[in-house]
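Text of work-v7.cif, listed as mmCIF, C-alpha atoms:
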```
data_input
loop_
_atom_site.label_atom_id
_atom_site.label_comp_id
_atom_site.auth_asym_id
_atom_site.auth_seq_id
_atom_site.Cartn_x
_atom_site.Cartn_y
_atom_site.Cartn_z
CA MET A 1 9.11 -21.88 -13.76
CA ALA A 2 5.50 -20.78 -13.36
CA ALA A 3 5.62 -18.79 -16.58
CA ALA A 4 6.68 -21.87 -18.52
CA LEU A 5 3.80 -23.87 -17.11
CA LEU A 6 1.29 -21.16 -17.96
CA ASN A 7 2.54 -21.05 -21.55
CA SER A 8 2.52 -24.81 -21.94
CA PRO A 9 0.43 -26.19 -24.81
CA LEU A 10 -1.39 -28.24 -22.18
CA SER A 11 -3.13 -25.07 -21.03
CA ILE A 12 -4.60 -24.31 -24.45
CA SER A 13 -7.62 -26.17 -25.77
CA THR A 14 -7.21 -26.87 -29.47
CA GLN A 15 -10.98 -27.40 -29.72
CA ASN A 16 -11.66 -23.82 -28.64
CA PRO A 17 -9.33 -21.53 -30.57
CA LYS A 18 -8.67 -18.19 -28.92
CA LYS A 19 -10.10 -14.99 -30.34
CA THR A 20 -8.49 -11.58 -30.41
CA LEU A 21 -9.75 -8.65 -28.38
CA GLY A 22 -9.18 -5.06 -29.42
CA ILE A 23 -10.53 -2.11 -27.47
CA PRO A 24 -10.39 1.47 -28.74
CA LEU A 25 -10.19 3.98 -25.90
CA GLN A 26 -13.20 5.93 -27.09
CA ASP A 27 -15.39 2.89 -26.40
CA PHE A 28 -14.78 3.21 -22.66
CA PRO A 29 -16.99 6.00 -21.25
CA LEU A 30 -17.38 3.74 -18.21
CA LEU A 31 -13.86 4.76 -17.18
CA ASN A 32 -15.25 8.13 -16.17
CA PRO A 33 -15.90 7.76 -12.42
CA ARG A 34 -18.75 10.26 -12.63
CA LEU A 35 -20.62 7.93 -14.99
CA SER A 36 -20.04 4.73 -13.05
CA ARG A 37 -21.42 3.18 -9.91
CA PHE A 38 -19.24 0.97 -7.75
CA ASP A 39 -19.82 -1.46 -4.94
CA ARG A 40 -18.39 0.27 -1.86
CA ARG A 41 -19.33 -2.49 0.59
CA LYS A 42 -16.72 -3.14 3.19
CA LEU A 43 -14.99 -6.52 3.05
CA LEU A 44 -14.99 -7.97 6.54
CA SER A 45 -11.82 -9.72 7.60
CA SER A 46 -10.13 -11.09 10.66
CA PRO A 47 -6.51 -10.78 11.77
CA SER A 48 -4.22 -13.48 10.48
CA SER A 49 -1.19 -14.99 12.11
CA SER A 50 0.55 -15.33 8.76
CA SER A 51 3.10 -12.65 8.00
CA SER A 52 3.64 -10.41 5.03
CA LEU A 53 7.01 -9.18 3.89
CA ILE A 54 7.45 -5.89 2.14
CA LEU A 55 10.27 -4.78 -0.11
CA SER A 56 10.16 -1.12 -1.02
CA LYS A 57 12.17 -0.49 -4.20
CA ARG A 58 13.14 2.99 -5.31
CA ASN A 59 15.62 3.46 -8.14
CA GLY A 60 17.28 0.14 -7.45
CA VAL A 61 17.96 0.84 -3.79
CA LEU A 62 17.36 -2.44 -1.97
CA ASP A 63 18.28 -1.60 1.60
CA ARG A 64 14.86 -0.21 2.55
CA LEU A 65 13.55 -3.62 3.48
CA GLN A 66 10.76 -3.66 6.01
CA SER A 67 8.58 -6.42 7.43
CA VAL A 68 4.98 -6.23 8.49
CA SER A 69 3.61 -9.10 10.55
CA GLY A 70 0.40 -9.90 12.33
CA GLY A 71 2.06 -8.64 15.50
CA HIS A 72 2.18 -5.15 14.03
CA VAL A 73 -1.57 -4.96 13.62
CA SER A 74 -2.90 -2.99 16.55
CA PRO A 75 -4.82 -5.32 18.90
CA ILE A 76 -6.75 -2.40 20.42
CA PRO A 77 -10.06 -1.69 18.66
CA VAL A 78 -11.18 1.92 18.38
CA GLU A 79 -14.07 1.51 20.78
CA SER A 80 -11.85 0.22 23.63
CA LYS A 81 -9.29 3.03 23.68
CA ASN A 82 -8.37 4.05 27.22
CA TYR A 83 -6.43 7.15 26.30
CA GLU A 84 -6.74 10.61 24.80
CA PHE A 85 -4.53 11.62 21.91
CA SER A 86 -3.68 14.90 20.19
CA ASP A 87 -1.19 16.03 17.55
CA GLY A 88 0.58 19.26 18.40
CA ASP A 89 2.73 19.80 15.32
CA ALA A 90 6.25 19.06 16.61
CA GLU A 91 5.02 16.56 19.19
CA VAL A 92 2.11 14.32 19.99
CA GLU A 93 0.46 14.05 23.38
CA LEU A 94 -0.92 10.96 25.04
CA ARG A 95 -3.13 11.21 28.13
CA LEU A 96 -3.88 8.15 30.27
CA ASP A 97 -6.47 8.09 33.05
CA ILE A 98 -4.94 7.09 36.39
CA SER A 99 -7.71 8.39 38.65
CA LYS A 100 -8.70 4.91 39.81
CA LEU A 101 -5.16 3.73 40.46
CA ASP A 102 -3.48 4.03 43.84
CA ILE A 103 -0.16 5.50 42.68
CA MET A 104 1.93 6.58 45.61
CA SER A 105 4.69 8.56 43.86
CA PRO A 106 6.16 9.35 40.41
CA SER A 107 8.70 6.57 41.02
CA ASP A 108 5.82 4.13 40.51
CA ILE A 109 5.48 5.21 36.88
CA PHE A 110 7.61 3.57 34.17
CA VAL A 111 7.71 4.92 30.62
CA ASP A 112 9.96 3.03 28.19
CA MET A 113 10.29 3.71 24.49
CA ASP A 114 12.51 3.53 21.46
CA GLY A 115 12.06 5.04 18.01
CA THR A 116 8.94 3.02 17.15
CA SER A 117 7.61 1.47 20.37
CA LEU A 118 6.14 2.63 23.67
CA LEU A 119 5.48 0.88 26.99
CA VAL A 120 3.76 2.68 29.87
CA ARG A 121 3.36 0.87 33.21
CA VAL A 122 2.46 1.90 36.74
CA LYS A 123 2.82 0.21 40.10
CA ALA A 124 -0.45 0.39 42.03
CA SER A 125 -1.20 -1.48 45.26
CA GLY A 126 1.93 -3.54 44.75
CA THR A 127 0.90 -4.66 41.23
CA LEU A 128 2.58 -3.64 37.99
CA ILE A 129 -0.14 -2.55 35.53
CA THR A 130 0.39 -1.92 31.81
CA LEU A 131 -1.47 1.18 30.63
CA MET A 132 -0.14 1.29 27.08
CA GLU A 133 1.98 -1.07 25.01
CA THR A 134 2.65 -0.87 21.29
CA ASN A 135 5.60 -1.90 19.15
CA CYS A 136 4.28 0.09 16.21
CA LEU A 137 3.88 3.81 16.80
CA PHE A 138 2.34 5.67 13.90
CA GLU A 139 5.79 6.99 12.98
CA LYS A 140 9.23 7.44 14.49
CA ILE A 141 9.86 9.53 17.59
CA LYS A 142 12.91 10.98 19.35
CA PRO A 143 13.13 8.91 22.56
CA SER A 144 15.66 11.21 24.23
CA GLU A 145 13.25 14.15 23.97
CA THR A 146 10.20 12.36 25.36
CA ILE A 147 8.83 13.72 28.64
CA TRP A 148 5.99 12.70 30.95
CA TYR A 149 4.23 14.26 33.90
CA ILE A 150 1.08 13.94 36.02
CA ASP A 151 -1.74 16.40 35.37
CA GLU A 152 -4.36 15.90 38.09
CA ASP A 153 -5.85 12.46 37.34
CA GLN A 154 -4.02 11.90 34.07
CA LEU A 155 -0.57 10.69 33.11
CA VAL A 156 0.60 12.83 30.19
CA VAL A 157 3.28 11.56 27.80
CA ASN A 158 4.72 13.96 25.20
CA LEU A 159 6.43 12.26 22.26
CA LYS A 160 8.67 14.34 20.01
CA LYS A 161 8.09 13.54 16.33
CA CYS A 162 10.99 12.94 13.96
CA ASP A 163 8.91 14.35 11.10
CA ARG A 164 6.98 17.36 12.33
CA ASP A 165 5.18 17.77 8.99
CA LEU A 166 3.43 14.42 9.33
CA LYS A 167 0.06 14.57 11.07
CA TRP A 168 -0.62 11.64 13.39
CA PRO A 169 -4.27 10.46 13.44
CA ASP A 170 -3.46 8.24 16.44
CA VAL A 171 -0.50 7.18 18.52
CA MET A 172 -0.46 3.66 17.05
CA GLU A 173 -0.27 2.43 13.49
CA SER A 174 -3.51 0.57 12.82
CA TRP A 175 -6.05 0.20 10.04
CA GLU A 176 -7.95 3.23 11.31
CA SER A 177 -4.89 5.48 11.68
CA LEU A 178 -3.42 4.45 8.34
CA THR A 179 -6.63 4.99 6.37
CA ASN A 180 -6.96 8.43 7.98
CA GLY A 181 -3.30 9.40 7.74
CA ILE A 182 -2.17 8.08 4.36
CA LEU A 183 -4.07 10.62 2.25
CA GLN A 184 -1.74 13.46 3.29
CA LEU A 185 1.13 11.42 1.83
CA LEU A 186 -0.52 10.04 -1.30
CA LYS A 187 -1.78 13.50 -2.36
CA GLY A 188 -4.27 11.96 -4.77
CA THR A 189 -1.81 9.58 -6.44
CA SER A 190 -3.53 6.41 -7.61
CA ILE A 191 -2.55 2.89 -6.55
CA TYR A 192 -2.20 -0.10 -8.88
CA ILE A 193 -2.37 -3.65 -7.51
CA VAL A 194 -0.50 -6.24 -9.60
CA GLY A 195 0.24 -9.93 -9.20
CA ASP A 196 -0.64 -13.33 -10.63
CA SER A 197 -3.97 -13.64 -8.79
CA THR A 198 -6.83 -11.51 -10.10
CA GLU A 199 -8.89 -12.49 -7.05
CA ILE A 200 -6.28 -11.27 -4.57
CA ASN A 201 -5.70 -8.07 -6.53
CA GLU A 202 -9.43 -7.30 -6.54
CA LYS A 203 -10.10 -8.22 -2.91
CA VAL A 204 -7.20 -6.13 -1.59
CA GLY A 205 -7.95 -3.30 -4.02
CA SER A 206 -11.58 -3.15 -2.89
CA GLU A 207 -10.52 -3.12 0.76
CA LEU A 208 -8.06 -0.28 0.12
CA ALA A 209 -10.62 1.75 -1.84
CA THR A 210 -13.21 1.38 0.91
CA GLY A 211 -10.68 2.32 3.58
CA ILE A 212 -9.23 5.48 2.03
CA GLY A 213 -12.19 6.62 -0.06
CA TYR A 214 -10.59 6.06 -3.46
CA ILE A 215 -12.57 4.89 -6.52
CA PRO A 216 -12.09 1.15 -7.17
CA PHE A 217 -11.49 -0.14 -10.69
CA SER A 218 -11.04 -3.74 -11.81
CA THR A 219 -9.52 -4.14 -15.28
CA SER A 220 -10.91 -7.68 -15.41
CA ASP A 221 -14.45 -6.42 -14.88
CA LEU A 222 -13.99 -3.61 -17.39
CA LEU A 223 -12.70 -6.01 -20.03
CA GLU A 224 -15.53 -8.48 -19.57
CA ARG A 225 -18.17 -5.75 -19.55
CA TYR A 226 -16.82 -4.58 -22.90
CA ALA A 227 -16.36 -8.02 -24.46
CA GLN A 228 -19.64 -9.40 -23.03
CA GLN A 229 -17.94 -12.70 -22.23
CA SER A 230 -15.08 -14.22 -20.27
CA ILE A 231 -11.66 -12.93 -21.23
CA GLU A 232 -10.38 -16.52 -21.02
CA SER A 233 -11.88 -17.05 -24.48
CA TYR A 234 -9.45 -14.57 -26.00
CA GLU A 235 -5.77 -14.77 -26.87
CA ALA A 236 -3.52 -13.71 -24.04
CA ASP A 237 -1.67 -11.18 -26.21
CA SER A 238 -4.83 -9.41 -27.30
CA VAL A 239 -6.15 -9.30 -23.73
CA ALA A 240 -2.89 -7.75 -22.55
CA GLU A 241 -3.12 -5.18 -25.33
CA ALA A 242 -6.70 -4.36 -24.37
CA GLU A 243 -5.83 -4.05 -20.69
CA GLY A 244 -2.96 -1.79 -21.68
CA ALA A 245 -5.47 0.51 -23.40
CA ILE A 246 -7.54 0.60 -20.21
CA LEU A 247 -4.46 1.41 -18.13
CA GLN A 248 -3.66 4.23 -20.52
CA SER A 249 -7.11 5.73 -19.97
CA LEU A 250 -6.93 5.27 -16.22
CA SER A 251 -3.44 6.78 -15.96
CA SER A 252 -4.87 10.30 -15.88
CA HIS A 253 -7.31 9.49 -13.06
CA ALA A 254 -6.48 10.60 -9.54
CA ARG A 255 -7.57 8.91 -6.31
CA SER A 256 -8.18 5.52 -7.87
CA ILE A 257 -7.38 1.96 -6.85
CA VAL A 258 -6.81 -0.19 -9.93
CA ALA A 259 -6.83 -3.97 -9.48
CA THR A 260 -5.14 -5.42 -12.55
CA LEU A 261 -5.58 -8.74 -14.29
CA GLY A 262 -3.44 -11.62 -13.04
CA GLY A 263 -2.00 -14.59 -14.90
CA GLU A 264 -0.77 -14.89 -18.45
CA HIS A 265 -3.43 -12.52 -19.79
CA GLY A 266 -2.34 -9.64 -17.56
CA ALA A 267 -0.55 -6.62 -18.97
CA ALA A 268 1.46 -6.18 -15.74
CA ARG A 269 3.21 -9.48 -16.45
CA ARG A 270 4.90 -7.93 -19.49
CA HIS A 271 7.74 -5.46 -19.22
CA ASP A 272 6.56 -3.47 -22.25
CA LYS A 273 3.16 -2.77 -20.66
CA TRP A 274 4.40 -0.84 -17.61
CA ARG A 275 4.44 2.58 -19.23
CA TYR A 276 1.08 3.60 -17.71
CA LEU A 277 1.36 1.59 -14.51
CA HIS A 278 4.11 3.97 -13.40
CA ALA A 279 1.49 6.73 -13.26
CA GLY A 280 0.66 5.57 -9.72
CA PHE A 281 2.15 3.58 -6.87
CA THR A 282 2.35 -0.09 -7.80
CA VAL A 283 2.09 -2.91 -5.26
CA TRP A 284 3.00 -6.47 -6.24
CA LEU A 285 1.14 -9.08 -4.19
CA SER A 286 3.02 -12.35 -4.41
CA ILE A 287 2.36 -15.68 -2.71
CA SER A 288 5.62 -16.99 -1.27
CA GLU A 289 6.52 -20.61 -0.59
CA ALA A 290 9.31 -19.56 1.76
CA ALA A 291 9.34 -21.26 5.15
CA ASP A 292 10.09 -18.12 7.17
CA GLU A 293 10.34 -14.35 6.95
CA ALA A 294 14.08 -14.33 6.30
CA SER A 295 13.67 -16.65 3.32
CA ALA A 296 10.73 -14.65 1.97
CA LYS A 297 12.74 -11.44 2.34
CA GLU A 298 15.59 -12.98 0.37
CA GLU A 299 13.13 -14.21 -2.25
CA ALA A 300 11.76 -10.68 -2.71
CA ARG A 301 15.26 -9.23 -2.92
CA ARG A 302 16.25 -11.83 -5.50
CA HIS A 303 13.21 -11.10 -7.66
CA VAL A 304 13.97 -7.38 -7.70
CA GLN A 305 17.65 -7.85 -8.42
CA ASP A 306 16.93 -10.41 -11.12
CA GLY A 307 14.39 -8.22 -12.87
CA ARG A 308 13.17 -10.95 -15.21
CA LEU A 309 9.64 -10.84 -13.82
CA ALA A 310 7.85 -7.70 -14.99
CA TYR A 311 6.22 -7.47 -11.56
CA SER A 312 9.64 -6.52 -10.20
CA ASN A 313 9.03 -3.05 -11.67
CA ALA A 314 6.62 -2.42 -8.79
CA ASP A 315 7.33 0.23 -6.19
CA ILE A 316 6.44 -2.22 -3.41
CA VAL A 317 6.80 -5.99 -3.33
CA MET A 318 4.73 -7.82 -0.74
CA LYS A 319 5.26 -11.51 -0.05
CA LEU A 320 2.25 -13.30 1.42
CA GLY A 321 2.60 -16.50 3.41
CA GLY A 322 -0.71 -17.73 2.02
CA TRP A 323 -4.13 -16.37 1.16
CA GLU A 324 -7.68 -16.57 2.42
CA PRO A 325 -10.37 -14.06 1.36
CA ASP A 326 -10.82 -12.88 4.96
CA GLN A 327 -7.19 -11.74 5.02
CA SER A 328 -7.83 -8.81 2.69
CA ARG A 329 -7.92 -6.28 5.56
CA VAL A 330 -4.58 -7.49 6.96
CA VAL A 331 -2.91 -7.34 3.54
CA ALA A 332 -4.44 -3.95 2.76
CA GLN A 333 -3.14 -2.57 6.06
CA ALA A 334 0.34 -3.84 5.24
CA CYS A 335 0.08 -2.12 1.84
CA LEU A 336 -0.77 1.19 3.48
CA SER A 337 2.08 0.81 5.97
CA ALA A 338 4.51 0.19 3.11
CA LEU A 339 3.16 3.15 1.15
CA LYS A 340 3.61 5.33 4.22
CA GLN A 341 7.24 4.25 4.54
CA LEU A 342 7.86 4.73 0.83
CA THR A 343 6.41 8.23 0.60
CA LEU A 344 8.12 9.38 3.78
CA SER A 345 11.47 8.13 2.46
CA ASP A 346 11.09 10.32 -0.63
CA LYS A 347 8.74 13.28 -0.18
CA GLN A 348 9.23 14.32 -3.82
CA LEU A 349 7.86 11.02 -5.11
CA THR A 350 4.21 12.07 -5.48
CA GLY A 351 5.26 15.21 -7.33
CA LYS A 352 7.44 13.12 -9.60
CA LYS A 353 4.51 10.80 -10.37
CA SER A 354 2.38 13.85 -11.18
CA LEU A 355 5.05 15.21 -13.54
CA TYR A 356 5.31 11.82 -15.24
CA ILE A 357 1.55 11.93 -15.94
CA ARG A 358 1.63 15.54 -17.17
CA LEU A 359 4.41 14.64 -19.61
CA GLY A 360 2.23 11.89 -21.07
CA CYS A 361 3.55 8.74 -19.34
CA ARG A 362 6.32 8.43 -21.93
CA GLY A 363 7.91 5.34 -20.42
CA ASP A 364 10.95 7.10 -18.96
CA TRP A 365 10.17 6.31 -15.31
CA PRO A 366 11.98 6.81 -12.96
CA ASP A 367 14.49 8.91 -14.90
CA ILE A 368 12.02 11.43 -16.28
CA LYS A 369 13.44 13.30 -19.24
CA PRO A 370 12.72 16.97 -20.04
CA PRO A 371 9.85 17.96 -22.36
CA GLY A 372 10.58 17.19 -26.00
CA TRP A 373 12.51 14.00 -25.28
CA ASP A 374 11.82 11.20 -27.79
CA PRO A 375 11.70 7.87 -25.90
CA SER A 376 12.30 5.90 -29.12
CA SER A 377 15.60 7.62 -29.86
CA GLY A 378 16.65 8.93 -26.45
CA ILE A 379 17.09 12.39 -27.98
CA ASP A 380 15.71 15.63 -26.62
CA THR A 381 13.91 17.11 -29.63
CA GLU A 382 12.94 20.38 -27.95
CA PRO A 383 15.13 23.34 -29.09
#
```

So, in terms of structure tokens, how does the structure I just supplied come out?
Amino acid sequence: MAAALLNSPLSISTQNPKKTLGIPLQDFPLLNPRLSRFDRRKLLSSPSSSSSLILSKRNGVLDRLQSVSGGHVSPIPVESKNYEFSDGDAEVELRLDISKLDIMSPSDIFVDMDGTSLLVRVKASGTLITLMETNCLFEKIKPSETIWYIDEDQLVVNLKKCDRDLKWPDVMESWESLTNGILQLLKGTSIYIVGDSTEINEKVGSELATGIGYIPFSTSDLLERYAQQSIESYEADSVAEAEGAILQSLSSHARSIVATLGGEHGAARRHDKWRYLHAGFTVWLSISEAADEASAKEEARRHVQDGRLAYSNADIVMKLGGWEPDQSRVVAQACLSALKQLTLSDKQLTGKKSLYIRLGCRGDWPDIKPPGWDPSSGIDTEP
């Protein structure tokens, strides 16, 4: 197992004994976002053909398994949109320009859809032309209640939303629509990125923070700024303890993206360090060696059911078919899509996270106990 290899004596240099690292919380004024400056530069990336699998886990329920692949990333850039879009509460409206098309009759218009996809085609001058095609609408619709009509030089398609409370920034799910639309669902709840690769955690965390306007934190950077040297020179246990102290301080921060430390030094790799990680939505980024999506999906399911890896405590498990730094945008978009699905499946979840923080992150997630409950004894001490 990977954990056994990381703990092997071969990975420890006997000529450079490890030191301990202890960090009192009061020594971290830099955790105040008003006192810190952060690099908000956008990480440029290109679409990848590799796929990412997502397992959303809530209270042990494992049937909410979704996949996000490169095919679900909208191929239409913002500047090339050939349609008008508006959100009208219970429905969304799509307007397509047909003024330059020689459409003889309404029978030359074909609108096909299901709950998450839409295909609009017209027959003009004997040629079938696709005006709109997406297999990833921003959210589910009611196909049987969809109507379309011609308004002068425009084809108007009205899509009835399944969730009328959700505001659609665009008709399609894309990086732009997700970064604009996810804030109404997150409601300020922070996001924690965990996994064995510090680099991946930080790259994806920075991309997410830039996209949605959250404040980015890197526990690795914070630790090294405090210690004034590489954390690799310290004992893994003391680093995990120190990172745990940082997570405790960050747990009360809203609208933050926290990229955690990967590898054997990371607190997220230890079950007893998840008390403060539950203050936000946690996403586990995991490199998979599976040959296909079905195998990767089964791998994710097995990890959650097994529960031996502390990362399996995460709200979302994402399996990556590989990693290159320029994939950070693709992975970040998949994270937002998964967070959208998760928060829509349980609209009380953000409120529950908020209550967990107000009660002091006592370690009783997800079964939050009433005020006065003693987590060490399991007894409610309040009269």

Can you give me, as number ranges by chain, the residues this file yields under the PyMOL selection byres ((chain A and resi 126-131) around 10)? A: 82-83, 96-98, 101-103, 108-111, 119-125, 132-133, 155

Take atom CA of A:Ile287 and atom CA of A:Gln341 and report the distance between them in Å, one decimal. 21.8 Å

Which residues match the PyMOL selection byres ((chain A and resi 344-361) around 10) in the file above, as a tab-separated table (two decimals) with C-alpha atoms, in the coordinates of the input?
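Output (result.tsv):
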```tsv
chain	number	residue	atom	x	y	z
A	56	SER	CA	10.16	-1.12	-1.02
A	58	ARG	CA	13.14	2.99	-5.31
A	64	ARG	CA	14.86	-0.21	2.55
A	139	GLU	CA	5.79	6.99	12.98
A	163	ASP	CA	8.91	14.35	11.10
A	166	LEU	CA	3.43	14.42	9.33
A	185	LEU	CA	1.13	11.42	1.83
A	186	LEU	CA	-0.52	10.04	-1.30
A	187	LYS	CA	-1.78	13.50	-2.36
A	188	GLY	CA	-4.27	11.96	-4.77
A	189	THR	CA	-1.81	9.58	-6.44
A	190	SER	CA	-3.53	6.41	-7.61
A	248	GLN	CA	-3.66	4.23	-20.52
A	251	SER	CA	-3.44	6.78	-15.96
A	252	SER	CA	-4.87	10.30	-15.88
A	253	HIS	CA	-7.31	9.49	-13.06
A	254	ALA	CA	-6.48	10.60	-9.54
A	274	TRP	CA	4.40	-0.84	-17.61
A	275	ARG	CA	4.44	2.58	-19.23
A	276	TYR	CA	1.08	3.60	-17.71
A	277	LEU	CA	1.36	1.59	-14.51
A	278	HIS	CA	4.11	3.97	-13.40
A	279	ALA	CA	1.49	6.73	-13.26
A	280	GLY	CA	0.66	5.57	-9.72
A	281	PHE	CA	2.15	3.58	-6.87
A	338	ALA	CA	4.51	0.19	3.11
A	339	LEU	CA	3.16	3.15	1.15
A	340	LYS	CA	3.61	5.33	4.22
A	341	GLN	CA	7.24	4.25	4.54
A	342	LEU	CA	7.86	4.73	0.83
A	343	THR	CA	6.41	8.23	0.60
A	362	ARG	CA	6.32	8.43	-21.93
A	363	GLY	CA	7.91	5.34	-20.42
A	364	ASP	CA	10.95	7.10	-18.96
A	365	TRP	CA	10.17	6.31	-15.31
A	366	PRO	CA	11.98	6.81	-12.96
A	367	ASP	CA	14.49	8.91	-14.90
A	368	ILE	CA	12.02	11.43	-16.28
A	369	LYS	CA	13.44	13.30	-19.24
A	370	PRO	CA	12.72	16.97	-20.04
A	371	PRO	CA	9.85	17.96	-22.36
A	372	GLY	CA	10.58	17.19	-26.00
A	373	TRP	CA	12.51	14.00	-25.28
```

Need the shell around A:Ala90: protein/DNA/RNA residues with any atom at most 9 Å away, counting all atoms listed in the file. Skip same-chain ones fewer than 2 positions apart. Format as a CSV table (one decimal) with C-alpha atoms, in the frame of the given file?
```csv
chain,number,residue,atom,x,y,z
A,87,ASP,CA,-1.2,16.0,17.6
A,88,GLY,CA,0.6,19.3,18.4
A,92,VAL,CA,2.1,14.3,20.0
A,159,LEU,CA,6.4,12.3,22.3
A,160,LYS,CA,8.7,14.3,20.0
A,161,LYS,CA,8.1,13.5,16.3
A,162,CYS,CA,11.0,12.9,14.0
A,163,ASP,CA,8.9,14.4,11.1
A,164,ARG,CA,7.0,17.4,12.3
A,165,ASP,CA,5.2,17.8,9.0
```

Starting from the displayed file, determine the output of the PyMOL selection byres ((chain A and resi 206-216) around 6) and express the residue list as a list of chain:residue names. A:Arg40, A:Thr179, A:Glu202, A:Lys203, A:Val204, A:Gly205, A:Phe217, A:Arg255, A:Ser256, A:Ile257, A:Ala332

Neighbour list for A:Ser86 as a PDB file with C-alpha atoms, in the coordinates of the input, cut-off 10 Å, all atoms listed in the file, skip fewer than 5 positions in-chain:
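As a result, around_37.pdb now contains:
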```pdb
ATOM      1  CA  GLU A  91       5.020  16.560  19.190  1.00  0.00           C
ATOM      2  CA  VAL A  92       2.110  14.320  19.990  1.00  0.00           C
ATOM      3  CA  GLU A  93       0.460  14.050  23.380  1.00  0.00           C
ATOM      4  CA  LEU A  94      -0.920  10.960  25.040  1.00  0.00           C
ATOM      5  CA  ARG A  95      -3.130  11.210  28.130  1.00  0.00           C
ATOM      6  CA  ASN A 158       4.720  13.960  25.200  1.00  0.00           C
ATOM      7  CA  LYS A 167       0.060  14.570  11.070  1.00  0.00           C
ATOM      8  CA  TRP A 168      -0.620  11.640  13.390  1.00  0.00           C
ATOM      9  CA  PRO A 169      -4.270  10.460  13.440  1.00  0.00           C
ATOM     10  CA  ASP A 170      -3.460   8.240  16.440  1.00  0.00           C
ATOM     11  CA  VAL A 171      -0.500   7.180  18.520  1.00  0.00           C
TER      12      VAL A 171
END
```

To box stretch 220-239 of chain A, take all atoms listed in the file, fit an axis-aligned box, add 6 Å on each side, and give centre and edge lengths in Å to one decimal, as lines of an AutoDock Vina configuration file.
```
center_x = -10.7
center_y = -10.3
center_z = -21.1
size_x = 30.0
size_y = 25.4
size_z = 24.4
```

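Distance-wise, atom CA of A:Ile246 and atom CA of A:Leu223 end up 8.4 Å apart.
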
Hey, what's within 10 Å of A:Ser117 if we count only C-alpha atoms and toss same-chain stuff fewer than 5 positions away? As a VMD selection string, please? chain A and resid 112 133 to 141 143 172

Please, which residues are within 6 Å of (0.4, -17.0, -13.5) by the file's coordinates, counting all atoms listed in the file, and could they come as a PyMOL selection string? chain A and resi 196+263-264

Identify which of the residues A:Glu235, A:Glu243, A:Glu145, A:Asp315 lies closest to A:Trp284, counting all atoms listed in the file when measuring atom-to-atom distances. A:Asp315

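Nearest residue to A:Leu320, choosing from A:Arg308, A:Lys297, A:Arg302, A:Lys142 and counting only C-alpha atoms: A:Lys297.
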
Export stretch 353-362 of chain A of the preceding structure, keeping N, CA, C and O atoms, as a PDB file, in the first residue's frame.
```
ATOM      1  N   LYS A 353     -23.543  23.026   7.963  1.00  0.00           N
ATOM      2  CA  LYS A 353     -22.124  23.359   8.125  1.00  0.00           C
ATOM      3  C   LYS A 353     -21.962  24.586   9.019  1.00  0.00           C
ATOM      4  O   LYS A 353     -21.075  24.634   9.882  1.00  0.00           O
ATOM      5  N   SER A 354     -22.826  25.583   8.810  1.00  0.00           N
ATOM      6  CA  SER A 354     -22.769  26.797   9.611  1.00  0.00           C
ATOM      7  C   SER A 354     -23.034  26.503  11.089  1.00  0.00           C
ATOM      8  O   SER A 354     -22.353  27.030  11.980  1.00  0.00           O
ATOM      9  N   LEU A 355     -24.019  25.650  11.350  1.00  0.00           N
ATOM     10  CA  LEU A 355     -24.320  25.268  12.736  1.00  0.00           C
ATOM     11  C   LEU A 355     -23.146  24.535  13.363  1.00  0.00           C
ATOM     12  O   LEU A 355     -22.800  24.778  14.530  1.00  0.00           O
ATOM     13  N   TYR A 356     -22.518  23.663  12.590  1.00  0.00           N
ATOM     14  CA  TYR A 356     -21.361  22.906  13.090  1.00  0.00           C
ATOM     15  C   TYR A 356     -20.246  23.864  13.531  1.00  0.00           C
ATOM     16  O   TYR A 356     -19.611  23.666  14.570  1.00  0.00           O
ATOM     17  N   ILE A 357     -20.035  24.935  12.760  1.00  0.00           N
ATOM     18  CA  ILE A 357     -19.008  25.922  13.106  1.00  0.00           C
ATOM     19  C   ILE A 357     -19.418  26.692  14.360  1.00  0.00           C
ATOM     20  O   ILE A 357     -18.611  26.890  15.275  1.00  0.00           O
ATOM     21  N   ARG A 358     -20.683  27.117  14.418  1.00  0.00           N
ATOM     22  CA  ARG A 358     -21.150  27.895  15.567  1.00  0.00           C
ATOM     23  C   ARG A 358     -21.066  27.100  16.867  1.00  0.00           C
ATOM     24  O   ARG A 358     -20.870  27.678  17.944  1.00  0.00           O
ATOM     25  N   LEU A 359     -21.208  25.789  16.775  1.00  0.00           N
ATOM     26  CA  LEU A 359     -21.121  24.937  17.960  1.00  0.00           C
ATOM     27  C   LEU A 359     -19.684  24.570  18.307  1.00  0.00           C
ATOM     28  O   LEU A 359     -19.443  23.809  19.240  1.00  0.00           O
ATOM     29  N   GLY A 360     -18.723  25.107  17.537  1.00  0.00           N
ATOM     30  CA  GLY A 360     -17.322  24.920  17.895  1.00  0.00           C
ATOM     31  C   GLY A 360     -16.615  23.767  17.220  1.00  0.00           C
ATOM     32  O   GLY A 360     -15.547  23.346  17.694  1.00  0.00           O
ATOM     33  N   CYS A 361     -17.162  23.256  16.117  1.00  0.00           N
ATOM     34  CA  CYS A 361     -16.510  22.144  15.388  1.00  0.00           C
ATOM     35  C   CYS A 361     -16.115  21.037  16.366  1.00  0.00           C
ATOM     36  O   CYS A 361     -14.938  20.701  16.525  1.00  0.00           O
ATOM     37  N   ARG A 362     -17.115  20.453  17.025  1.00  0.00           N
ATOM     38  CA  ARG A 362     -16.844  19.525  18.125  1.00  0.00           C
ATOM     39  C   ARG A 362     -16.517  18.113  17.679  1.00  0.00           C
ATOM     40  O   ARG A 362     -16.288  17.223  18.510  1.00  0.00           O
TER      41      ARG A 362
END
```
